[in-house]
$ cat final.cif   # mmCIF, C-alpha atoms
data_target
loop_
_atom_site.label_atom_id
_atom_site.label_comp_id
_atom_site.auth_asym_id
_atom_site.auth_seq_id
_atom_site.Cartn_x
_atom_site.Cartn_y
_atom_site.Cartn_z
CA MET O 20 -79.65 -71.35 169.60
CA LYS O 21 -76.14 -72.22 170.78
CA ASN O 22 -74.86 -74.47 168.02
CA SER O 23 -71.80 -72.22 167.95
CA ASN O 24 -70.93 -73.20 171.53
CA LEU O 25 -68.13 -75.51 170.49
CA SER O 26 -65.36 -76.85 172.70
CA GLN O 27 -62.36 -74.57 172.86
CA ASN O 28 -60.12 -76.58 175.18
CA GLY O 29 -58.28 -79.84 174.63
CA GLU O 30 -57.67 -81.97 171.55
CA VAL O 31 -60.75 -82.41 169.36
CA CYS O 32 -61.61 -86.05 168.66
CA ILE O 33 -65.00 -85.69 166.95
CA GLU O 34 -66.27 -82.71 164.96
CA VAL O 35 -69.75 -82.58 163.49
CA GLY O 36 -70.47 -79.72 161.08
CA GLY O 37 -73.73 -78.68 159.43
CA LEU O 38 -75.20 -82.17 159.75
CA TRP O 39 -78.67 -82.81 158.33
CA LYS O 40 -80.87 -85.88 158.16
CA VAL O 41 -84.16 -85.66 156.31
CA PHE O 42 -86.10 -88.84 155.58
CA GLY O 43 -87.89 -88.67 152.23
CA SER O 44 -87.37 -88.59 148.49
CA ASP O 45 -86.87 -84.81 148.22
CA ALA O 46 -84.47 -84.52 151.16
CA LYS O 47 -81.55 -82.77 149.43
CA GLU O 48 -83.83 -80.40 147.56
CA ILE O 49 -85.42 -79.35 150.85
CA ILE O 50 -82.18 -78.42 152.60
CA ASN O 51 -81.06 -76.39 149.59
CA SER O 52 -84.27 -74.36 149.43
CA GLU O 53 -86.21 -71.89 151.57
CA LYS O 54 -87.95 -74.88 153.16
CA ARG O 55 -84.81 -75.59 155.21
CA THR O 56 -86.17 -73.22 157.89
CA ALA O 57 -89.67 -74.72 157.96
CA SER O 58 -90.93 -76.47 161.07
CA LYS O 59 -90.99 -80.26 161.24
CA GLU O 60 -94.76 -80.27 161.18
CA SER O 61 -95.17 -78.02 158.14
CA LEU O 62 -92.39 -79.84 156.29
CA LEU O 63 -94.10 -83.18 156.85
CA GLU O 64 -97.46 -81.75 155.78
CA GLU O 65 -96.14 -80.05 152.64
CA THR O 66 -93.58 -82.60 151.41
CA GLY O 67 -94.13 -85.85 153.29
CA CYS O 68 -90.51 -85.68 154.46
CA VAL O 69 -89.47 -86.15 158.09
CA LEU O 70 -86.85 -83.78 159.47
CA ALA O 71 -84.75 -85.68 162.05
CA VAL O 72 -81.55 -83.61 162.36
CA ARG O 73 -81.24 -79.97 161.30
CA ASP O 74 -77.88 -78.26 160.72
CA VAL O 75 -76.16 -79.65 163.84
CA SER O 76 -72.58 -78.68 164.71
CA PHE O 77 -70.47 -79.49 167.75
CA GLN O 78 -67.07 -80.77 168.85
CA VAL O 79 -66.09 -83.42 171.36
CA ASN O 80 -62.71 -83.43 173.05
CA ARG O 81 -60.60 -86.53 173.39
CA GLY O 82 -61.43 -88.25 176.69
CA GLU O 83 -64.63 -86.25 177.17
CA LEU O 84 -67.97 -87.74 178.20
CA PHE O 85 -70.34 -85.70 176.03
CA VAL O 86 -74.07 -86.16 176.61
CA ILE O 87 -76.74 -85.62 173.94
CA MET O 88 -80.06 -85.12 175.70
CA GLY O 89 -83.59 -84.61 174.49
CA LEU O 90 -87.14 -85.86 174.67
CA SER O 91 -88.54 -88.54 172.40
CA GLY O 92 -88.52 -87.33 168.80
CA SER O 93 -85.81 -84.71 169.37
CA GLY O 94 -83.42 -86.44 166.95
CA LYS O 95 -80.77 -87.55 169.43
CA SER O 96 -80.70 -91.25 168.46
CA THR O 97 -80.71 -90.41 164.76
CA LEU O 98 -77.82 -88.01 165.33
CA ILE O 99 -75.61 -90.56 167.07
CA ARG O 100 -76.32 -93.10 164.34
CA CYS O 101 -75.42 -90.56 161.67
CA ILE O 102 -72.05 -90.07 163.37
CA LEU O 103 -71.19 -93.72 162.60
CA ARG O 104 -73.18 -93.70 159.35
CA LEU O 105 -75.48 -96.41 160.59
CA ILE O 106 -77.91 -93.89 159.14
CA GLU O 107 -76.55 -91.94 156.18
CA PRO O 108 -76.59 -88.15 156.73
CA THR O 109 -78.36 -86.08 154.10
CA ALA O 110 -75.69 -83.38 154.27
CA GLY O 111 -72.84 -82.18 156.45
CA LYS O 112 -69.58 -83.62 157.74
CA VAL O 113 -68.44 -85.90 160.53
CA LEU O 114 -64.73 -85.66 161.29
CA ILE O 115 -63.07 -88.30 163.45
CA ASP O 116 -59.45 -87.52 164.23
CA GLY O 117 -59.59 -84.91 161.49
CA GLU O 118 -60.90 -87.19 158.71
CA ASP O 119 -64.38 -86.76 157.24
CA ILE O 120 -65.85 -90.25 157.42
CA CYS O 121 -68.76 -89.21 155.19
CA GLY O 122 -66.37 -89.85 152.30
CA TYR O 123 -65.35 -93.32 153.46
CA ASN O 124 -66.17 -96.31 151.28
CA SER O 125 -67.72 -99.40 152.87
CA LYS O 126 -64.36 -101.05 153.56
CA ARG O 127 -62.94 -98.07 155.43
CA LEU O 128 -66.20 -97.63 157.31
CA ILE O 129 -66.08 -101.25 158.51
CA GLU O 130 -62.50 -100.74 159.66
CA LEU O 131 -63.55 -97.61 161.57
CA ARG O 132 -66.35 -99.47 163.34
CA ARG O 133 -64.12 -102.44 164.18
CA HIS O 134 -61.02 -100.61 165.38
CA THR O 135 -61.86 -97.00 166.35
CA THR O 136 -65.40 -97.03 167.70
CA GLY O 137 -67.69 -99.16 169.82
CA MET O 138 -71.44 -98.80 170.28
CA ILE O 139 -73.72 -99.78 173.16
CA PHE O 140 -77.48 -99.72 172.68
CA GLN O 141 -80.40 -99.78 175.09
CA TYR O 142 -81.07 -103.38 174.09
CA PHE O 143 -77.93 -105.32 174.83
CA GLY O 144 -77.86 -107.42 171.64
CA LEU O 145 -76.04 -110.31 173.31
CA PHE O 146 -75.84 -113.69 171.62
CA PRO O 147 -78.08 -115.94 173.75
CA HIS O 148 -76.29 -119.14 172.68
CA ARG O 149 -72.82 -117.83 173.58
CA SER O 150 -71.28 -117.52 177.03
CA VAL O 151 -70.41 -114.19 178.61
CA LEU O 152 -66.78 -114.82 177.65
CA ASP O 153 -67.62 -115.51 174.01
CA ASN O 154 -69.95 -112.51 173.83
CA VAL O 155 -67.24 -110.20 175.12
CA ALA O 156 -64.58 -111.72 172.87
CA TYR O 157 -66.75 -111.58 169.75
CA GLY O 158 -65.43 -108.28 168.40
CA LEU O 159 -61.87 -109.54 168.72
CA LYS O 160 -62.83 -112.77 166.95
CA VAL O 161 -64.20 -110.75 164.03
CA ARG O 162 -60.88 -108.91 163.90
CA GLY O 163 -59.07 -112.24 163.56
CA VAL O 164 -57.39 -112.13 166.98
CA ALA O 165 -56.09 -115.52 168.11
CA ARG O 166 -58.28 -117.46 170.55
CA GLU O 167 -55.89 -117.34 173.51
CA GLU O 168 -55.22 -113.62 173.10
CA ARG O 169 -58.86 -112.61 172.68
CA TYR O 170 -59.98 -114.67 175.68
CA ALA O 171 -57.26 -113.14 177.83
CA ARG O 172 -58.40 -109.66 176.83
CA ALA O 173 -62.07 -110.60 177.36
CA ARG O 174 -61.36 -111.89 180.87
CA GLU O 175 -59.51 -108.67 181.65
CA VAL O 176 -62.46 -106.41 180.76
CA ILE O 177 -64.99 -108.78 182.33
CA ALA O 178 -63.14 -108.32 185.62
CA LYS O 179 -63.07 -104.57 185.03
CA VAL O 180 -66.88 -104.41 184.89
CA GLY O 181 -67.25 -106.59 187.97
CA LEU O 182 -68.32 -109.88 186.34
CA LYS O 183 -65.36 -112.09 187.16
CA GLU O 184 -66.43 -115.73 187.64
CA TRP O 185 -69.46 -115.21 185.36
CA GLU O 186 -67.48 -115.92 182.17
CA SER O 187 -69.03 -119.33 181.47
CA TYR O 188 -72.66 -118.36 182.07
CA PRO O 189 -75.15 -117.63 179.26
CA PRO O 190 -76.73 -114.13 179.19
CA SER O 191 -80.07 -115.57 180.31
CA ALA O 192 -78.55 -116.38 183.71
CA LEU O 193 -77.69 -112.71 184.31
CA SER O 194 -79.80 -109.82 185.55
CA GLY O 195 -80.51 -106.84 183.31
CA GLY O 196 -77.79 -104.79 184.92
CA MET O 197 -75.28 -107.60 184.54
CA GLN O 198 -76.21 -108.04 180.89
CA GLN O 199 -75.61 -104.35 180.31
CA ARG O 200 -72.17 -104.77 181.89
CA VAL O 201 -71.48 -107.52 179.37
CA GLY O 202 -72.42 -105.06 176.63
CA ILE O 203 -70.00 -102.51 178.02
CA ALA O 204 -67.27 -105.13 178.36
CA ARG O 205 -67.80 -106.25 174.75
CA ALA O 206 -67.37 -102.64 173.58
CA LEU O 207 -64.27 -102.15 175.75
CA ALA O 208 -62.65 -105.44 174.68
CA THR O 209 -61.62 -104.04 171.31
CA ASP O 210 -60.11 -101.01 173.07
CA PRO O 211 -61.94 -98.46 170.89
CA GLU O 212 -60.96 -94.82 170.95
CA ILE O 213 -64.64 -93.74 170.91
CA LEU O 214 -67.73 -95.19 172.59
CA LEU O 215 -71.24 -94.28 171.42
CA MET O 216 -73.93 -95.14 173.98
CA ASP O 217 -77.58 -94.80 173.00
CA GLU O 218 -79.85 -94.81 176.09
CA PRO O 219 -77.89 -97.78 177.49
CA PHE O 220 -79.45 -97.69 180.97
CA SER O 221 -83.00 -96.55 180.25
CA GLY O 222 -84.46 -100.08 180.40
CA LEU O 223 -83.05 -100.78 183.87
CA ASP O 224 -84.69 -100.40 187.27
CA PRO O 225 -83.82 -97.07 189.00
CA LEU O 226 -81.45 -98.62 191.56
CA ILE O 227 -79.61 -100.72 188.96
CA ARG O 228 -79.52 -97.69 186.68
CA ARG O 229 -77.76 -95.58 189.30
CA GLN O 230 -75.30 -98.39 189.93
CA MET O 231 -74.53 -98.63 186.22
CA GLN O 232 -74.01 -94.87 186.03
CA ASP O 233 -71.52 -95.11 188.89
CA GLU O 234 -69.87 -98.07 187.18
CA LEU O 235 -69.50 -96.11 183.94
CA LEU O 236 -67.92 -93.17 185.77
CA ASN O 237 -65.48 -95.51 187.52
CA ILE O 238 -64.54 -97.17 184.24
CA GLN O 239 -64.20 -93.81 182.49
CA ALA O 240 -61.89 -92.52 185.22
CA GLU O 241 -59.62 -95.46 184.44
CA VAL O 242 -59.79 -95.79 180.65
CA GLN O 243 -60.54 -92.17 179.59
CA LYS O 244 -62.42 -92.96 176.38
CA THR O 245 -64.19 -90.37 174.25
CA ILE O 246 -67.86 -91.08 174.95
CA LEU O 247 -71.03 -89.81 173.26
CA PHE O 248 -73.89 -90.71 175.57
CA VAL O 249 -77.54 -90.30 174.55
CA THR O 250 -80.26 -89.96 177.18
CA HIS O 251 -83.69 -88.43 177.76
CA ASP O 252 -83.05 -88.23 181.52
CA LEU O 253 -81.84 -84.88 182.86
CA ASP O 254 -80.51 -86.26 186.15
CA GLU O 255 -78.49 -88.85 184.23
CA ALA O 256 -77.11 -86.15 181.93
CA LEU O 257 -76.15 -83.92 184.87
CA LYS O 258 -74.44 -86.80 186.64
CA LEU O 259 -72.44 -88.15 183.71
CA GLY O 260 -71.71 -85.33 181.30
CA ASN O 261 -68.62 -83.17 181.12
CA ARG O 262 -70.81 -81.19 178.74
CA ILE O 263 -74.43 -81.57 177.65
CA ALA O 264 -76.06 -80.84 174.30
CA ILE O 265 -79.83 -80.34 174.54
CA MET O 266 -81.84 -81.17 171.41
CA ARG O 267 -85.31 -80.16 170.30
CA ASP O 268 -86.96 -80.88 166.94
CA GLY O 269 -83.67 -82.03 165.42
CA GLU O 270 -81.64 -79.01 166.54
CA ILE O 271 -79.12 -78.47 169.32
CA ILE O 272 -80.38 -75.49 171.28
CA GLN O 273 -77.75 -75.37 174.02
CA ILE O 274 -74.35 -76.86 174.75
CA GLY O 275 -72.73 -76.36 178.12
CA THR O 276 -71.45 -77.88 181.32
CA PRO O 277 -74.08 -79.22 183.74
CA GLU O 278 -73.72 -76.06 185.82
CA GLU O 279 -74.14 -73.80 182.78
CA VAL O 280 -77.25 -75.65 181.64
CA ILE O 281 -78.83 -75.36 185.10
CA THR O 282 -77.81 -71.80 185.95
CA THR O 283 -77.92 -70.10 182.52
CA PRO O 284 -80.50 -71.87 180.31
CA SER O 285 -80.43 -70.53 176.74
CA ASP O 286 -84.18 -70.11 176.30
CA ALA O 287 -87.59 -70.79 177.81
CA TYR O 288 -87.59 -74.41 176.61
CA VAL O 289 -84.33 -75.25 178.37
CA ARG O 290 -85.43 -73.26 181.42
CA GLU O 291 -88.59 -75.34 181.67
CA PHE O 292 -86.63 -78.51 180.99
CA VAL O 293 -84.24 -77.94 183.90
CA GLN O 294 -86.52 -76.14 186.36
CA ASP O 295 -86.94 -79.19 188.58
CA ALA O 296 -83.26 -80.09 188.57
CA SER O 297 -81.54 -79.80 191.92
CA PRO O 298 -78.61 -77.34 192.03
CA ALA O 299 -77.21 -79.53 194.82
CA LYS O 300 -76.49 -82.19 192.19
CA VAL O 301 -74.57 -79.75 190.01
CA LEU O 302 -72.97 -76.99 192.09
CA THR O 303 -69.65 -77.81 193.69
CA ALA O 304 -67.67 -76.46 196.63
CA GLY O 305 -65.51 -74.61 194.12
CA ASN O 306 -68.60 -72.81 192.82
CA ILE O 307 -69.78 -71.56 196.20
CA MET O 308 -66.53 -71.11 198.16
CA GLU O 309 -65.46 -67.65 199.28
CA GLN O 310 -62.17 -66.12 200.31
CA PRO O 311 -61.89 -65.62 204.09
CA ASN O 312 -61.65 -62.18 205.66
CA VAL O 313 -58.46 -63.26 207.36
CA LEU O 314 -55.95 -66.11 207.34
CA LEU O 315 -53.37 -66.91 210.00
CA TYR O 316 -49.86 -68.05 209.08
CA GLU O 317 -47.62 -70.53 210.86
CA TRP O 318 -44.89 -67.95 211.57
CA GLN O 319 -47.23 -65.65 213.49
CA GLY O 320 -47.38 -65.85 217.29
CA PRO O 321 -50.51 -66.34 219.42
CA LYS O 322 -50.68 -62.74 220.62
CA ALA O 323 -50.45 -61.45 217.05
CA ALA O 324 -53.18 -63.89 216.05
CA ILE O 325 -55.42 -62.67 218.91
CA HIS O 326 -54.89 -59.10 217.74
CA ILE O 327 -55.74 -59.99 214.11
CA LEU O 328 -58.93 -61.78 215.12
CA GLY O 329 -59.89 -58.95 217.46
CA THR O 330 -59.60 -56.30 214.76
CA THR O 331 -61.83 -58.31 212.40
CA GLY O 332 -64.38 -59.38 214.99
CA LEU O 333 -63.83 -63.08 214.32
CA ASP O 334 -63.36 -65.88 216.82
CA ASN O 335 -61.71 -68.36 214.43
CA ALA O 336 -59.52 -68.51 211.31
CA PHE O 337 -57.69 -71.06 209.24
CA LEU O 338 -53.95 -71.54 209.70
CA VAL O 339 -51.79 -72.09 206.62
CA ALA O 340 -48.13 -72.89 206.04
CA ARG O 341 -45.68 -70.84 203.97
CA THR O 342 -46.46 -73.12 201.03
CA GLY O 343 -50.18 -72.34 201.34
CA LYS O 344 -50.97 -75.79 202.75
CA LEU O 345 -53.83 -75.85 205.23
CA LEU O 346 -52.69 -76.72 208.75
CA GLY O 347 -56.07 -76.45 210.47
CA LEU O 348 -58.51 -74.18 212.28
CA VAL O 349 -57.47 -71.88 215.14
CA THR O 350 -60.07 -70.52 217.59
CA LEU O 351 -59.83 -67.47 219.81
CA LYS O 352 -60.58 -69.61 222.88
CA ARG O 353 -57.62 -71.89 222.20
CA LEU O 354 -55.37 -68.91 221.50
CA VAL O 355 -56.18 -67.40 224.90
CA GLU O 356 -55.50 -70.75 226.57
CA LEU O 357 -52.20 -70.99 224.68
CA VAL O 358 -51.07 -67.53 225.85
CA GLN O 359 -52.03 -68.32 229.44
CA LYS O 360 -49.82 -71.39 229.50
CA GLY O 361 -46.94 -69.58 227.78
CA GLY O 362 -47.10 -71.34 224.41
CA SER O 363 -45.64 -69.74 221.29
CA SER O 364 -46.66 -71.93 218.32
CA LEU O 365 -50.02 -71.46 216.63
CA GLY O 366 -50.00 -75.17 215.86
CA GLU O 367 -50.75 -75.75 219.54
CA ALA O 368 -54.05 -73.87 219.18
CA LEU O 369 -55.50 -76.00 216.37
CA GLU O 370 -58.93 -77.59 216.67
CA PRO O 371 -58.72 -81.40 216.47
CA ASP O 372 -59.93 -83.42 213.46
CA PRO O 373 -60.67 -80.56 211.03
CA LEU O 374 -63.17 -81.15 208.23
CA THR O 375 -62.09 -80.42 204.65
CA CYS O 376 -63.54 -80.75 201.17
CA THR O 377 -62.24 -80.63 197.61
CA PRO O 378 -63.40 -78.05 195.04
CA ASP O 379 -65.21 -80.72 192.98
CA MET O 380 -67.30 -82.00 195.89
CA LEU O 381 -70.99 -81.59 195.11
CA LEU O 382 -73.19 -79.38 197.25
CA GLU O 383 -75.37 -82.35 198.19
CA ASP O 384 -72.28 -84.12 199.58
CA LEU O 385 -71.47 -81.08 201.72
CA PHE O 386 -74.76 -81.31 203.66
CA PRO O 387 -73.52 -83.84 206.27
CA LEU O 388 -70.27 -81.89 206.74
CA ALA O 389 -72.13 -78.61 207.25
CA ALA O 390 -74.51 -80.23 209.73
CA SER O 391 -71.63 -81.54 211.85
CA THR O 392 -69.67 -78.31 212.39
CA GLU O 393 -70.23 -74.73 213.47
CA TYR O 394 -67.23 -73.50 211.49
CA PRO O 395 -66.70 -72.84 207.77
CA ILE O 396 -65.52 -75.82 205.71
CA PRO O 397 -62.08 -75.30 204.15
CA VAL O 398 -61.63 -76.18 200.47
CA VAL O 399 -58.26 -77.74 199.61
CA ASP O 400 -56.66 -79.12 196.45
CA ASP O 401 -55.08 -82.55 196.03
CA GLU O 402 -51.90 -81.34 197.73
CA GLY O 403 -53.77 -79.88 200.70
CA LYS O 404 -53.31 -76.25 199.65
CA PHE O 405 -56.00 -73.91 200.98
CA LEU O 406 -58.28 -72.56 198.23
CA GLY O 407 -61.18 -70.96 200.09
CA GLU O 408 -63.96 -71.69 202.54
CA VAL O 409 -67.61 -72.69 202.32
CA TYR O 410 -69.94 -71.26 204.93
CA THR O 411 -72.20 -73.82 206.58
CA SER O 412 -75.06 -71.32 206.34
CA THR O 413 -74.72 -71.37 202.53
CA VAL O 414 -74.90 -75.17 202.42
CA LEU O 415 -77.70 -75.62 204.96
CA GLY O 416 -79.66 -72.70 203.52
CA SER O 417 -79.54 -74.38 200.12
CA MET O 418 -80.84 -77.61 201.63
CA ILE O 419 -83.73 -75.77 203.32
CA ARG O 420 -84.64 -73.93 200.10
CA GLU O 421 -84.60 -77.19 198.15
CA LYS O 422 -86.80 -78.93 200.72
CA THR O 423 -89.20 -76.00 200.72
CA THR O 424 -89.35 -76.07 196.93
CA ASP O 425 -90.02 -79.82 196.90
CA GLU O 426 -92.73 -79.51 199.55
CA GLY O 427 -94.29 -76.60 197.67
CA ALA O 428 -94.36 -78.60 194.47
CA GLU O 429 -95.89 -81.56 196.27
CA ALA O 430 -98.48 -79.33 197.94
CA ALA O 431 -99.36 -77.88 194.55
CA LYS O 432 -99.88 -81.38 193.16
CA VAL O 433 -102.09 -82.32 196.10
CA GLU O 434 -104.07 -79.09 195.79
CA ALA O 435 -104.49 -79.61 192.05
CA GLY O 436 -105.72 -83.14 192.72
CA GLU O 437 -108.20 -81.95 195.33
CA ILE O 438 -109.51 -79.25 192.99
CA ALA O 439 -109.89 -81.77 190.17
CA ALA O 440 -111.72 -84.17 192.48
CA GLU O 441 -114.06 -81.38 193.64
CA GLU O 442 -114.74 -80.35 190.05
CA THR O 443 -115.56 -83.97 189.22
CA LYS O 444 -118.05 -84.11 192.07
CA THR O 445 -119.61 -80.87 190.86
CA ASP O 446 -119.90 -82.20 187.31
CA VAL O 447 -121.62 -85.33 188.60
#

$ encode --input "final.cif" --output "C-alpha cells"
Amino acid sequence: MKNSNLSQNGEVCIEVGGLWKVFGSDAKEIINSEKRTASKESLLEETGCVLAVRDVSFQVNRGELFVIMGLSGSGKSTLIRCILRLIEPTAGKVLIDGEDICGYNSKRLIELRRHTTGMIFQYFGLFPHRSVLDNVAYGLKVRGVAREERYARAREVIAKVGLKEWESYPPSALSGGMQQRVGIARALATDPEILLMDEPFSGLDPLIRRQMQDELLNIQAEVQKTILFVTHDLDEALKLGNRIAIMRDGEIIQIGTPEEVITTPSDAYVREFVQDASPAKVLTAGNIMEQPNVLLYEWQGPKAAIHILGTTGLDNAFLVARTGKLLGLVTLKRLVELVQKGGSSLGEALEPDPLTCTPDMLLEDLFPLAASTEYPIPVVDDEGKFLGEVYTSTVLGSMIREKTTDEGAEAAKVEAGEIAAEETKTDV
C-alpha cells in the first residue's frame, strides 16, 4: 500500500491523516482493537459494522486537481464527505490550511462550507423554481451579499462556464450538461478556495461528459482552485488528475501521477485496473524524447556542417542559436546546394515550415505530426528552446502496438462469444 506517498512539492492545502469511518455502534472500539486489520466482510459478519474508510492519509497541494478513484463500494464518496464532515469521521484528522476541522463546532463548520469550500455532486441539486441566475447567486445570498453585487458576480461566472444569455431560464429548460455547468458556476460564485466534486459528470452522455471535462480543465487553468474530484472512471481520472489516489475496500492503495499509475502500478489490483488504459493518453513528448546524436549551431558554416553529418552518418540535424533556441531543421541535401551556390549561412539551408511540439503534448496528439514528416519532431519549451527530439518511429510504433492490442482484445471477445455459443448448442 502507498498511503505514505504524500505530496512533497508545493504548499499543502489539505492534509488527511489516519482517517477512519466505520458505520455501527461499536465503531471506535473496533479501530482500537485487533479487529482494525480485519477485512470488510469479516468485520460486517462478526460485528454488524460497515467499514467505509480505513486509515487513509494523503496531502493535496494548493491549486492541484487531485482525483480519488475507485469502484463502487471502495469508500471514495464517503471519504470526500468526511473531509467536509458531511459524514463525521470515526477517527483521524482533516487539516485545511493547517487547521484540524474535526475540532470545529457547528458555527465554524458552517463558515468553512460557506466561505472556503464548494461542493458539486452528481445530481445537480438546482432549485427548479429559481432561474439560472438565482441558482448561481444563491450561495452569495446566504452569505448576505447585496442583490446587485451577487447578481454581478453570478453573471460573471455564468459567462465563464459558457451560459451567457441563459440567466433568466429555469433549470428545466437546460440540457443535462448545461445544468451541470450551472452547478459548477454556483460553486465558483462564492470564490471558494477548495472544490469537492463527487462524480459530477457520471450521469451525462459520453460526448457531453468529455465536453464537461474539457470545460473543467479550461476553468481550472484560469482559476487554479484546489480540487478533489471523485470518479470511478479511469479515463476521466487520467485526463483530469495532477495526481490520482486509487481506493479499494476503504483504503488508498496507490497515489501517483497518471503516468506513474499506468507505468508502475503498486500491486496486481492496480495493474488489472489500468491494463486497458492507453499509454497514448498519458505519456507525453517529454517522456519519450531523446537527445540527438548531433546538433548544428548557427555560427558553424555549411562545409563544417557537412563534415559533422558525414562523420555521424546522418543526413539531417536541428539548428540552434547561441541561446539554445531552435532555428529549424537542416538537411544534407540543402547543405550541398548551399555550398554549390556559395552560401555561408546555415539559416539558408533550413527546411521550410518545421514541425514542433511541447514537452507536455500527449503521445496521441503526436500521431498526426509523426504521420506527416519523415524527420524527428523537435521538442521545445515556451520560449522555443530546443529540449530534445521524438522519433516518428517511436510514435507510429506505439500507435501500431495499441491498434494491435485493441484488435487482439476484440478478437478474443469474438472468439469467447463463438465458443460460448458453440457450448450452448452442445448443451442443447

$ closest_atom_pairs --input "final.cif" --of "range 217-319 of chain O" --to "range 42-63 of chain O" --cutoff "12 Å" --atoms "only C-alpha atoms" --output "CSV"
residue,atom,partner,partner_atom,distance
O:Arg267,CA,O:Lys59,CA,10.7
O:Asp268,CA,O:Lys59,CA,7.0
O:Gly269,CA,O:Lys59,CA,8.6
O:Glu270,CA,O:Lys59,CA,10.8

$ closest_residue --input "final.cif" --among "O:Ile139, O:Met308, O:Leu365, O:Leu257" --to "Val399 in chain O" --atoms "all atoms listed in the file"
O:Met308

$ atom_distance --input "final.cif" --atom1 "CA of Ala368 in chain O" --atom2 "CA of Ala304 in chain O"
26.5 Å

$ residues_around --input "final.cif" --residues "Glu175 in chain O" --least-positions-apart "3" --cutoff "12 Å" --atoms "only C-alpha atoms" --output "mmCIF file with C-alpha atoms, keeping the file's coordinate frame"
data_model
loop_
_atom_site.group_PDB
_atom_site.id
_atom_site.type_symbol
_atom_site.label_atom_id
_atom_site.label_comp_id
_atom_site.auth_asym_id
_atom_site.auth_seq_id
_atom_site.Cartn_x
_atom_site.Cartn_y
_atom_site.Cartn_z
ATOM 1 C CA LEU O 152 -66.780 -114.820 177.650
ATOM 2 C CA VAL O 155 -67.240 -110.200 175.120
ATOM 3 C CA ALA O 156 -64.580 -111.720 172.870
ATOM 4 C CA GLU O 168 -55.220 -113.620 173.100
ATOM 5 C CA ARG O 169 -58.860 -112.610 172.680
ATOM 6 C CA TYR O 170 -59.980 -114.670 175.680
ATOM 7 C CA ALA O 171 -57.260 -113.140 177.830
ATOM 8 C CA ARG O 172 -58.400 -109.660 176.830
ATOM 9 C CA ALA O 178 -63.140 -108.320 185.620
ATOM 10 C CA LYS O 179 -63.070 -104.570 185.030
ATOM 11 C CA VAL O 180 -66.880 -104.410 184.890
ATOM 12 C CA GLY O 181 -67.250 -106.590 187.970
ATOM 13 C CA LEU O 182 -68.320 -109.880 186.340
ATOM 14 C CA LYS O 183 -65.360 -112.090 187.160
ATOM 15 C CA GLU O 184 -66.430 -115.730 187.640
ATOM 16 C CA GLU O 186 -67.480 -115.920 182.170
ATOM 17 C CA ALA O 204 -67.270 -105.130 178.360
ATOM 18 C CA ARG O 205 -67.800 -106.250 174.750
ATOM 19 C CA LEU O 207 -64.270 -102.150 175.750
ATOM 20 C CA ALA O 208 -62.650 -105.440 174.680
ATOM 21 C CA THR O 209 -61.620 -104.040 171.310
ATOM 22 C CA ASP O 210 -60.110 -101.010 173.070
#

$ resolve_selection --input "final.cif" --expression "the PyMOL selection byres ((chain O and resi 102) around 10)" --output "PDB file with C-alpha atoms, in the coordinates of the input"
ATOM      1  CA  ILE O  33     -65.000 -85.690 166.950  1.00  0.00           C
ATOM      2  CA  GLU O  34     -66.270 -82.710 164.960  1.00  0.00           C
ATOM      3  CA  VAL O  35     -69.750 -82.580 163.490  1.00  0.00           C
ATOM      4  CA  LEU O  38     -75.200 -82.170 159.750  1.00  0.00           C
ATOM      5  CA  THR O  97     -80.710 -90.410 164.760  1.00  0.00           C
ATOM      6  CA  LEU O  98     -77.820 -88.010 165.330  1.00  0.00           C
ATOM      7  CA  ILE O  99     -75.610 -90.560 167.070  1.00  0.00           C
ATOM      8  CA  ARG O 100     -76.320 -93.100 164.340  1.00  0.00           C
ATOM      9  CA  CYS O 101     -75.420 -90.560 161.670  1.00  0.00           C
ATOM     10  CA  LEU O 103     -71.190 -93.720 162.600  1.00  0.00           C
ATOM     11  CA  ARG O 104     -73.180 -93.700 159.350  1.00  0.00           C
ATOM     12  CA  LEU O 105     -75.480 -96.410 160.590  1.00  0.00           C
ATOM     13  CA  ILE O 106     -77.910 -93.890 159.140  1.00  0.00           C
ATOM     14  CA  GLU O 107     -76.550 -91.940 156.180  1.00  0.00           C
ATOM     15  CA  PRO O 108     -76.590 -88.150 156.730  1.00  0.00           C
ATOM     16  CA  LYS O 112     -69.580 -83.620 157.740  1.00  0.00           C
ATOM     17  CA  VAL O 113     -68.440 -85.900 160.530  1.00  0.00           C
ATOM     18  CA  LEU O 114     -64.730 -85.660 161.290  1.00  0.00           C
ATOM     19  CA  ILE O 115     -63.070 -88.300 163.450  1.00  0.00           C
ATOM     20  CA  ILE O 120     -65.850 -90.250 157.420  1.00  0.00           C
ATOM     21  CA  CYS O 121     -68.760 -89.210 155.190  1.00  0.00           C
ATOM     22  CA  LEU O 215     -71.240 -94.280 171.420  1.00  0.00           C
ATOM     23  CA  LEU O 247     -71.030 -89.810 173.260  1.00  0.00           C
TER      24      LEU O 247
END

$ closest_residue --input "final.cif" --among "O:Tyr123, O:Tyr410, O:Phe220, O:Phe292" --to "Leu253 in chain O" --atoms "all atoms listed in the file"
O:Phe292

$ resolve_selection --input "final.cif" --expression "the PyMOL selection byres ((chain O and resi 380) around 10)" --output "list in words"
Lys300, Val301, Leu302, Thr303, Ala304, Gly305, Asn306, Cys376, Thr377, Pro378, Asp379, Leu381, Leu382, Glu383, Asp384, Leu385 and Val398 of chain O

$ resolve_selection --input "final.cif" --expression "the PyMOL selection byres ((chain O and resi 79-96) around 7)" --output "ChimeraX atom specification"
/O:26,29-34,71-72,77-78,97-100,217,243-251,256,260-269
